[in-house]
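K.L.:
What follows is input.cif; its format and atoms are mmCIF, C-alpha atoms.
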data_target
#
loop_
_atom_site.group_PDB
_atom_site.id
_atom_site.type_symbol
_atom_site.label_atom_id
_atom_site.label_comp_id
_atom_site.auth_asym_id
_atom_site.auth_seq_id
_atom_site.Cartn_x
_atom_site.Cartn_y
_atom_site.Cartn_z
ATOM 1 C CA MET W 24 53.697 100.512 94.982
ATOM 2 C CA SER W 25 55.771 97.482 94.068
ATOM 3 C CA MET W 26 58.164 99.684 92.087
ATOM 4 C CA GLN W 27 58.649 101.981 95.065
ATOM 5 C CA GLN W 28 59.283 98.984 97.288
ATOM 6 C CA GLY W 29 61.772 97.633 94.780
ATOM 7 C CA GLN W 30 63.626 100.925 94.668
ATOM 8 C CA ALA W 31 63.754 100.920 98.472
ATOM 9 C CA HIS W 32 65.748 97.678 98.573
ATOM 10 C CA GLY W 33 69.456 98.310 99.139
ATOM 11 C CA VAL W 34 68.903 101.999 99.888
ATOM 12 C CA ARG W 35 71.103 103.258 102.708
ATOM 13 C CA ARG W 36 68.789 104.131 105.604
ATOM 14 C CA PHE W 37 71.402 105.461 108.045
ATOM 15 C CA GLY W 38 71.877 108.925 106.630
ATOM 16 C CA ARG W 39 75.351 110.121 105.755
ATOM 17 C CA TRP W 40 77.044 107.939 108.400
ATOM 18 C CA ASN W 41 76.175 104.551 109.842
ATOM 19 C CA THR W 42 77.248 105.537 113.328
ATOM 20 C CA LEU W 43 76.400 102.245 115.003
ATOM 21 C CA GLY W 44 78.068 100.169 112.305
ATOM 22 C CA LEU W 45 81.203 102.316 112.330
ATOM 23 C CA TYR W 46 81.408 102.160 116.120
ATOM 24 C CA THR W 47 81.017 98.379 116.028
ATOM 25 C CA LEU W 48 83.808 98.007 113.471
ATOM 26 C CA CYS W 49 86.091 100.292 115.495
ATOM 27 C CA GLU W 50 85.315 98.333 118.655
ATOM 28 C CA ARG W 51 86.074 95.038 116.923
ATOM 29 C CA GLU W 52 89.420 96.294 115.641
ATOM 30 C CA VAL W 53 90.422 97.543 119.090
ATOM 31 C CA LEU W 54 89.346 94.338 120.825
ATOM 32 C CA ARG W 55 91.345 92.305 118.311
ATOM 33 C CA PHE W 56 94.625 93.476 119.816
ATOM 34 C CA ALA W 57 93.372 94.178 123.341
ATOM 35 C CA VAL W 58 92.435 90.560 124.085
ATOM 36 C CA VAL W 59 95.965 89.383 123.216
ATOM 37 C CA TRP W 60 97.744 92.318 124.841
ATOM 38 C CA THR W 61 100.823 90.299 125.773
ATOM 39 C CA GLN W 62 101.558 89.817 122.063
ATOM 40 C CA THR W 63 100.338 93.128 120.701
ATOM 41 C CA LEU W 64 101.255 95.580 123.473
ATOM 42 C CA LEU W 65 103.715 94.008 125.903
ATOM 43 C CA ALA W 66 105.955 92.430 123.249
ATOM 44 C CA PRO W 67 106.597 95.737 121.385
ATOM 45 C CA LEU W 68 107.417 97.409 124.692
ATOM 46 C CA VAL W 69 109.981 94.731 125.520
ATOM 47 C CA THR W 70 111.457 94.856 122.001
ATOM 48 C CA SER W 71 111.850 98.631 122.042
ATOM 49 C CA GLY W 72 113.421 98.414 125.505
ATOM 50 C CA LEU W 73 115.936 95.877 124.232
ATOM 51 C CA PHE W 74 116.774 98.099 121.253
ATOM 52 C CA LEU W 75 117.439 101.027 123.536
ATOM 53 C CA LEU W 76 119.453 98.933 126.001
ATOM 54 C CA ILE W 77 121.641 97.343 123.328
ATOM 55 C CA PHE W 78 122.410 100.620 121.569
ATOM 56 C CA THR W 79 123.107 102.315 124.883
ATOM 57 C CA ILE W 80 125.527 99.606 126.025
ATOM 58 C CA ALA W 81 127.204 99.007 122.672
ATOM 59 C CA ILE W 82 127.466 102.553 121.326
ATOM 60 C CA GLY W 83 126.349 105.022 123.979
ATOM 61 C CA PRO W 84 129.567 105.266 126.048
ATOM 62 C CA ARG W 85 131.710 105.916 122.935
ATOM 63 C CA ARG W 86 129.242 108.067 121.020
ATOM 64 C CA GLY W 87 129.195 111.787 121.580
ATOM 65 C CA ASP W 88 126.156 114.014 121.575
ATOM 66 C CA VAL W 89 123.962 114.041 118.474
ATOM 67 C CA MET W 90 122.340 117.372 117.578
ATOM 68 C CA GLY W 91 123.267 118.607 121.047
ATOM 69 C CA VAL W 92 121.651 115.786 123.050
ATOM 70 C CA PRO W 93 123.032 112.490 124.429
ATOM 71 C CA PHE W 94 122.900 109.585 121.984
ATOM 72 C CA THR W 95 120.439 107.592 124.106
ATOM 73 C CA GLN W 96 117.987 110.483 124.219
ATOM 74 C CA PHE W 97 118.416 110.993 120.479
ATOM 75 C CA ILE W 98 117.542 107.431 119.442
ATOM 76 C CA ALA W 99 114.695 106.958 121.944
ATOM 77 C CA PRO W 100 112.114 108.902 119.845
ATOM 78 C CA GLY W 101 113.153 107.006 116.728
ATOM 79 C CA ILE W 102 112.667 103.671 118.456
ATOM 80 C CA LEU W 103 109.303 104.842 119.784
ATOM 81 C CA MET W 104 108.046 105.858 116.345
ATOM 82 C CA MET W 105 109.481 102.801 114.625
ATOM 83 C CA THR W 106 107.580 100.587 117.060
ATOM 84 C CA VAL W 107 104.381 102.597 116.627
ATOM 85 C CA ILE W 108 104.311 102.430 112.828
ATOM 86 C CA GLN W 109 105.160 98.732 112.752
ATOM 87 C CA ASN W 110 102.306 97.945 115.138
ATOM 88 C CA ALA W 111 99.791 100.162 113.324
ATOM 89 C CA PHE W 112 100.658 98.465 110.028
ATOM 90 C CA THR W 113 100.432 95.004 111.556
ATOM 91 C CA ASN W 114 97.057 95.697 113.146
ATOM 92 C CA THR W 115 95.215 96.619 109.956
ATOM 93 C CA SER W 116 97.042 94.328 107.546
ATOM 94 C CA SER W 117 96.653 91.238 109.733
ATOM 95 C CA SER W 118 92.963 91.959 110.337
ATOM 96 C CA ILE W 119 92.142 92.003 106.630
ATOM 97 C CA MET W 120 94.564 89.209 105.768
ATOM 98 C CA VAL W 121 93.231 86.815 108.396
ATOM 99 C CA SER W 122 89.646 87.564 107.366
ATOM 100 C CA LYS W 123 90.481 86.803 103.738
ATOM 101 C CA VAL W 124 92.284 83.563 104.542
ATOM 102 C CA GLN W 125 89.537 82.366 106.889
ATOM 103 C CA GLY W 126 86.864 83.368 104.390
ATOM 104 C CA ASN W 127 84.945 85.653 106.752
ATOM 105 C CA ILE W 128 85.832 88.956 105.084
ATOM 106 C CA VAL W 129 82.254 88.865 103.793
ATOM 107 C CA ASP W 130 81.086 89.517 107.366
ATOM 108 C CA THR W 131 82.741 92.930 107.110
ATOM 109 C CA LEU W 132 81.713 93.706 103.533
ATOM 110 C CA MET W 133 78.046 92.707 103.783
ATOM 111 C CA PRO W 134 76.910 95.129 106.540
ATOM 112 C CA PRO W 135 75.736 98.560 105.305
ATOM 113 C CA LEU W 136 79.095 100.241 105.732
ATOM 114 C CA SER W 137 80.392 102.655 103.103
ATOM 115 C CA PRO W 138 83.997 102.450 101.822
ATOM 116 C CA ALA W 139 84.854 105.525 103.891
ATOM 117 C CA GLU W 140 83.468 103.904 107.044
ATOM 118 C CA LEU W 141 85.450 100.732 106.374
ATOM 119 C CA VAL W 142 88.659 102.725 105.964
ATOM 120 C CA ILE W 143 88.003 104.720 109.131
ATOM 121 C CA GLY W 144 87.066 101.628 111.133
ATOM 122 C CA TYR W 145 90.247 99.754 110.271
ATOM 123 C CA ILE W 146 92.486 102.798 110.719
ATOM 124 C CA VAL W 147 90.979 103.601 114.120
ATOM 125 C CA GLY W 148 92.156 100.188 115.296
ATOM 126 C CA GLY W 149 95.674 100.889 114.039
ATOM 127 C CA VAL W 150 95.735 104.356 115.602
ATOM 128 C CA ALA W 151 94.473 103.023 118.945
ATOM 129 C CA ARG W 152 97.197 100.377 119.025
ATOM 130 C CA GLY W 153 99.848 102.898 118.004
ATOM 131 C CA LEU W 154 98.784 105.356 120.700
ATOM 132 C CA ILE W 155 98.795 102.733 123.440
ATOM 133 C CA VAL W 156 102.229 101.485 122.379
ATOM 134 C CA ALA W 157 103.554 105.070 122.265
ATOM 135 C CA LEU W 158 102.128 105.816 125.712
ATOM 136 C CA ALA W 159 103.680 102.659 127.166
ATOM 137 C CA ILE W 160 107.106 103.445 125.717
ATOM 138 C CA ALA W 161 106.913 107.104 126.783
ATOM 139 C CA LEU W 162 106.038 106.063 130.338
ATOM 140 C CA GLY W 163 108.879 103.542 130.300
ATOM 141 C CA LEU W 164 111.328 106.246 129.193
ATOM 142 C CA ALA W 165 110.089 108.624 131.866
ATOM 143 C CA LEU W 166 110.475 106.012 134.608
ATOM 144 C CA THR W 167 113.857 104.603 133.528
ATOM 145 C CA THR W 168 115.688 107.584 132.016
ATOM 146 C CA GLY W 169 113.681 110.560 133.244
ATOM 147 C CA GLN W 170 113.111 111.625 129.635
ATOM 148 C CA VAL W 171 109.789 113.460 129.177
ATOM 149 C CA PRO W 172 108.383 115.047 126.006
ATOM 150 C CA THR W 173 109.474 118.606 125.320
ATOM 151 C CA HIS W 174 106.462 119.289 123.082
ATOM 152 C CA PRO W 175 103.819 116.692 124.033
ATOM 153 C CA LEU W 176 101.160 117.997 121.613
ATOM 154 C CA TRP W 177 103.530 117.709 118.659
ATOM 155 C CA LEU W 178 104.461 114.224 119.822
ATOM 156 C CA LEU W 179 100.801 113.191 120.042
ATOM 157 C CA LEU W 180 100.015 114.675 116.640
ATOM 158 C CA PHE W 181 102.827 112.855 114.845
ATOM 159 C CA VAL W 182 102.055 109.578 116.604
ATOM 160 C CA ILE W 183 98.438 109.819 115.413
ATOM 161 C CA LEU W 184 99.480 110.731 111.874
ATOM 162 C CA GLY W 185 102.089 107.973 111.780
ATOM 163 C CA SER W 186 99.622 105.388 113.033
ATOM 164 C CA ALA W 187 96.997 106.554 110.521
ATOM 165 C CA LEU W 188 99.481 106.475 107.636
ATOM 166 C CA MET W 189 100.802 103.016 108.393
ATOM 167 C CA GLY W 190 97.327 101.773 109.277
ATOM 168 C CA GLY W 191 96.181 102.886 105.821
ATOM 169 C CA ILE W 192 99.162 101.237 104.171
ATOM 170 C CA GLY W 193 98.330 98.100 106.145
ATOM 171 C CA VAL W 194 94.795 98.171 104.724
ATOM 172 C CA ILE W 195 96.180 98.399 101.186
ATOM 173 C CA ALA W 196 98.699 95.626 101.820
ATOM 174 C CA GLY W 197 96.033 93.415 103.380
ATOM 175 C CA ILE W 198 93.789 93.886 100.350
ATOM 176 C CA PHE W 199 96.463 93.059 97.789
ATOM 177 C CA ALA W 200 98.233 90.209 99.628
ATOM 178 C CA GLN W 201 96.785 86.766 98.989
ATOM 179 C CA LYS W 202 99.045 84.739 101.280
ATOM 180 C CA PHE W 203 100.877 85.288 104.551
ATOM 181 C CA ASP W 204 104.156 84.878 102.659
ATOM 182 C CA GLN W 205 103.305 87.929 100.579
ATOM 183 C CA MET W 206 102.462 89.922 103.684
ATOM 184 C CA ALA W 207 105.740 88.877 105.306
ATOM 185 C CA ALA W 208 107.602 90.004 102.177
ATOM 186 C CA ILE W 209 105.930 93.430 102.330
ATOM 187 C CA THR W 210 106.870 93.770 105.992
ATOM 188 C CA ASN W 211 110.459 92.550 105.625
ATOM 189 C CA PHE W 212 111.398 94.243 102.355
ATOM 190 C CA ILE W 213 109.386 97.470 102.453
ATOM 191 C CA ILE W 214 108.086 98.480 105.883
ATOM 192 C CA THR W 215 111.099 97.528 108.020
ATOM 193 C CA PRO W 216 113.744 99.045 105.678
ATOM 194 C CA LEU W 217 111.751 102.266 105.381
ATOM 195 C CA ALA W 218 111.589 102.498 109.173
ATOM 196 C CA PHE W 219 115.277 101.718 109.701
ATOM 197 C CA LEU W 220 116.491 104.031 106.933
ATOM 198 C CA SER W 221 114.490 107.082 108.007
ATOM 199 C CA GLY W 222 116.774 108.513 110.665
ATOM 200 C CA THR W 223 115.688 106.197 113.459
ATOM 201 C CA PHE W 224 119.228 105.711 114.786
ATOM 202 C CA TYR W 225 121.072 108.633 113.198
ATOM 203 C CA SER W 226 120.754 112.198 111.988
ATOM 204 C CA VAL W 227 120.259 112.399 108.233
ATOM 205 C CA GLU W 228 122.664 115.350 108.191
ATOM 206 C CA ALA W 229 125.436 112.788 108.627
ATOM 207 C CA LEU W 230 124.516 111.117 105.319
ATOM 208 C CA PRO W 231 126.107 111.906 101.951
ATOM 209 C CA ALA W 232 124.209 114.445 99.874
ATOM 210 C CA GLY W 233 122.599 111.860 97.574
ATOM 211 C CA LEU W 234 121.307 109.653 100.365
ATOM 212 C CA ARG W 235 120.149 112.690 102.284
ATOM 213 C CA GLU W 236 117.955 113.793 99.384
ATOM 214 C CA ILE W 237 116.509 110.292 99.032
ATOM 215 C CA THR W 238 115.731 110.194 102.746
ATOM 216 C CA HIS W 239 113.893 113.510 102.508
ATOM 217 C CA MET W 240 111.563 111.912 99.937
ATOM 218 C CA ASN W 241 110.527 109.237 102.456
ATOM 219 C CA PRO W 242 107.395 110.299 104.397
ATOM 220 C CA ILE W 243 108.350 108.065 107.325
ATOM 221 C CA PHE W 244 111.420 110.253 107.843
ATOM 222 C CA TYR W 245 109.148 113.203 108.643
ATOM 223 C CA LEU W 246 107.153 111.106 111.101
ATOM 224 C CA ILE W 247 110.251 110.032 113.009
ATOM 225 C CA ASP W 248 111.700 113.534 112.810
ATOM 226 C CA GLY W 249 108.432 115.011 114.086
ATOM 227 C CA VAL W 250 108.316 112.621 117.038
ATOM 228 C CA ARG W 251 111.932 113.484 117.795
ATOM 229 C CA PHE W 252 110.999 117.159 117.870
ATOM 230 C CA GLY W 253 108.111 116.368 120.187
ATOM 231 C CA MET W 254 110.310 114.331 122.534
ATOM 232 C CA ILE W 255 113.581 116.286 122.696
ATOM 233 C CA GLY W 256 112.875 119.558 120.889
ATOM 234 C CA VAL W 257 115.358 119.088 118.013
ATOM 235 C CA SER W 258 114.842 117.813 114.480
ATOM 236 C CA ASP W 259 116.522 117.548 111.087
ATOM 237 C CA SER W 260 113.731 119.393 109.283
ATOM 238 C CA SER W 261 110.994 121.855 110.106
ATOM 239 C CA PRO W 262 108.155 120.240 112.081
ATOM 240 C CA LEU W 263 105.683 122.306 110.052
ATOM 241 C CA LEU W 264 107.051 120.786 106.849
ATOM 242 C CA GLY W 265 106.850 117.347 108.438
ATOM 243 C CA LEU W 266 103.259 118.022 109.452
ATOM 244 C CA ALA W 267 102.302 119.064 105.916
ATOM 245 C CA VAL W 268 103.994 116.023 104.336
ATOM 246 C CA SER W 269 102.419 113.672 106.881
ATOM 247 C CA VAL W 270 98.889 115.045 106.441
ATOM 248 C CA LEU W 271 99.202 114.861 102.654
ATOM 249 C CA SER W 272 100.564 111.311 102.835
ATOM 250 C CA VAL W 273 97.703 110.190 105.092
ATOM 251 C CA ALA W 274 95.158 111.768 102.723
ATOM 252 C CA VAL W 275 96.649 110.031 99.679
ATOM 253 C CA ILE W 276 96.841 106.620 101.362
ATOM 254 C CA CYS W 277 93.300 106.880 102.719
ATOM 255 C CA PHE W 278 92.022 107.797 99.262
ATOM 256 C CA VAL W 279 93.740 104.761 97.746
ATOM 257 C CA ALA W 280 92.281 102.500 100.449
ATOM 258 C CA TRP W 281 88.827 104.041 99.909
ATOM 259 C CA THR W 282 89.090 103.410 96.165
ATOM 260 C CA LEU W 283 90.040 99.768 96.718
ATOM 261 C CA PHE W 284 87.081 99.187 99.037
ATOM 262 C CA ARG W 285 84.730 100.996 96.645
ATOM 263 C CA LYS W 286 85.802 98.821 93.725
ATOM 264 C CA GLY W 287 86.037 95.663 95.820
ATOM 265 C CA THR W 288 89.550 94.977 94.558
ATOM 266 C CA ARG W 289 90.595 91.432 95.537
ATOM 267 C CA LEU W 290 87.746 91.399 98.045
ATOM 268 C CA LYS W 291 84.696 90.640 95.912
ATOM 269 C CA SER W 292 84.527 87.875 93.326
#
Could you rewrite the structure in this file as structure tokens?

P.N.:
Amino acid sequence: MSMQQGQAHGVRRFGRWNTLGLYTLCEREVLRFAVVWTQTLLAPLVTSGLFLLIFTIAIGPRRGDVMGVPFTQFIAPGILMMTVIQNAFTNTSSSIMVSKVQGNIVDTLMPPLSPAELVIGYIVGGVARGLIVALAIALGLALTTGQVPTHPLWLLLFVILGSALMGGIGVIAGIFAQKFDQMAAITNFIITPLAFLSGTFYSVEALPAGLREITHMNPIFYLIDGVRFGMIGVSDSSPLLGLAVSVLSVAVICFVAWTLFRKGTRLKS
């Protein structure tokens, strides 16, 4: 009897999924940014609006059409997606980083949550923030410029995939970073350049052949290109190719994050 009781200790009693625990983690990650919405939701909206205004004033009047559409309409989807991926990355990376610095990461690791549930819980928070930011920017574009999505389902799909990808990368960055300086370095020297150099403000067809090939190896390019197709109906590459690359990228990143949680890398002493 005692042996059976001993074997019962630590056994997962929630079946395949701990639904309540996963829901609680998702709710916590959403509330994290919702309670400070002026910083996490309003600020990105203002920043993206300033980007669009500055480029429109400085370049718009002298810039001709790009891929058959006005320059302002061309860069709007890129700005939208750039803002989405930056916010999704920030949401997951800051959550793990703050927990590690404050020493309460154990509160997340101790509950009976599997590595897969931890990955999903954190990424759901990033996706929720990305979707809300995308919706706010899309509404702002519709009200100020009259620009509405040409293919709304494609737009929604790429926003979700982009948020999931960058949310997963944020999880990985949050696990590996030990200090806020390291996280800032990842943001400034990896995430921001990848976003800016992925066709956000230009068509990659205008690049020299070598740079064009390098850009096509960047998964963020396909996210921005897919959102552009969803918004204005034109893109540099096939949206089906972008969808395949994005899904594969999300799967790879989620697997890496799952492996890190399973091994307890830089999380468990």

K.L.:
List the neighbours of range 117-127 of chain W out to 8 Å using all atoms listed in the file; skip same-chain residues closer than 6 positions along the sequence, and give me the result as an MDAnalysis selection string.

P.N.:
chainID W and resid 52 193:194 197:198 200:203 290

K.L.:
Sorted by chain and rising residue number, which residues of range 43-143 of chain W lie within 9 Å of range 278-288 of chain W, and what are their closest atom pairs and distances in Å to one decimal, counting only C-alpha atoms, as a Markdown table?

P.N.:
| residue | atom | partner | partner_atom | distance |
| --- | --- | --- | --- | --- |
| W:Leu132 | CA | W:Phe284 | CA | 8.9 |
| W:Ser137 | CA | W:Arg285 | CA | 8.0 |
| W:Pro138 | CA | W:Phe284 | CA | 5.3 |
| W:Ala139 | CA | W:Trp281 | CA | 5.8 |
| W:Glu140 | CA | W:Trp281 | CA | 8.9 |
| W:Leu141 | CA | W:Phe284 | CA | 7.7 |
| W:Val142 | CA | W:Trp281 | CA | 6.2 |

K.L.:
Could you name the residues that touch Gln109 in chain W at 8 Å or less, counting all atoms listed in the file, but leaving out those on the same chain fewer than 5 positions away, as number ranges by chain?

P.N.:
W: 189, 214-215

K.L.:
Just want the 8 Å neighbourhood of Leu45 in chain W, counted on all atoms listed in the file, with same-chain residues fewer than 2 positions away dropped. Output as a PDB file with C-alpha atoms, keeping the file's coordinate frame.

P.N.:
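Writing done, so here's out_1.pdb:
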ATOM      1  CA  ASN W  41      76.175 104.551 109.842  1.00  0.00           C
ATOM      2  CA  THR W  42      77.248 105.537 113.328  1.00  0.00           C
ATOM      3  CA  LEU W  43      76.400 102.245 115.003  1.00  0.00           C
ATOM      4  CA  THR W  47      81.017  98.379 116.028  1.00  0.00           C
ATOM      5  CA  LEU W  48      83.808  98.007 113.471  1.00  0.00           C
ATOM      6  CA  CYS W  49      86.091 100.292 115.495  1.00  0.00           C
ATOM      7  CA  LEU W 136      79.095 100.241 105.732  1.00  0.00           C
ATOM      8  CA  GLU W 140      83.468 103.904 107.044  1.00  0.00           C
ATOM      9  CA  LEU W 141      85.450 100.732 106.374  1.00  0.00           C
ATOM     10  CA  ILE W 143      88.003 104.720 109.131  1.00  0.00           C
ATOM     11  CA  GLY W 144      87.066 101.628 111.133  1.00  0.00           C
TER      12      GLY W 144
END

K.L.:
CA of Thr210 in chain W to CA of Ala111 in chain W: how many Å, to one decimal?

P.N.:
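The value is 12.0 Å.
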
K.L.:
What does the PyMOL selection byres ((chain W and resi 258-271) around 12) select in this file, as a PyMOL selection string?

P.N.:
chain W and resi 89-92+97-98+100-101+174+177-189+221-223+225-230+235+238-257+272-278

K.L.:
Would you work out the distance separating CA of Ala81 in chain W from CA of Thr95 in chain W, expressed in Å to one decimal?

P.N.:
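Taking CA of Ala81 in chain W as the start and CA of Thr95 in chain W as the end point, the length is 11.0 Å.
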
K.L.:
Using all atoms listed in the file, what does the table of range 141-237 of chain W residues within 8 Å of range 61-80 of chain W look like, with each row giving the shortest atom pair and its distance in Å to one decimal, sorted by chain and ascending number, as JSON lines?

P.N.:
{"residue": "W:Arg152", "atom": "CA", "partner": "W:Leu64", "partner_atom": "CA", "distance": 7.7}
{"residue": "W:Ile155", "atom": "CA", "partner": "W:Leu64", "partner_atom": "CA", "distance": 7.6}
{"residue": "W:Val156", "atom": "CA", "partner": "W:Leu64", "partner_atom": "CA", "distance": 6.1}
{"residue": "W:Ala159", "atom": "CA", "partner": "W:Leu68", "partner_atom": "CA", "distance": 6.9}
{"residue": "W:Ile160", "atom": "CA", "partner": "W:Leu68", "partner_atom": "CA", "distance": 6.1}

K.L.:
So, with only C-alpha atoms as the atoms that count, which of W:Tyr46, W:Phe224, W:Phe199, W:Phe219 lies closest to Gly148 in chain W?

P.N.:
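So, comparing all the options, the nearest one is W:Tyr46.
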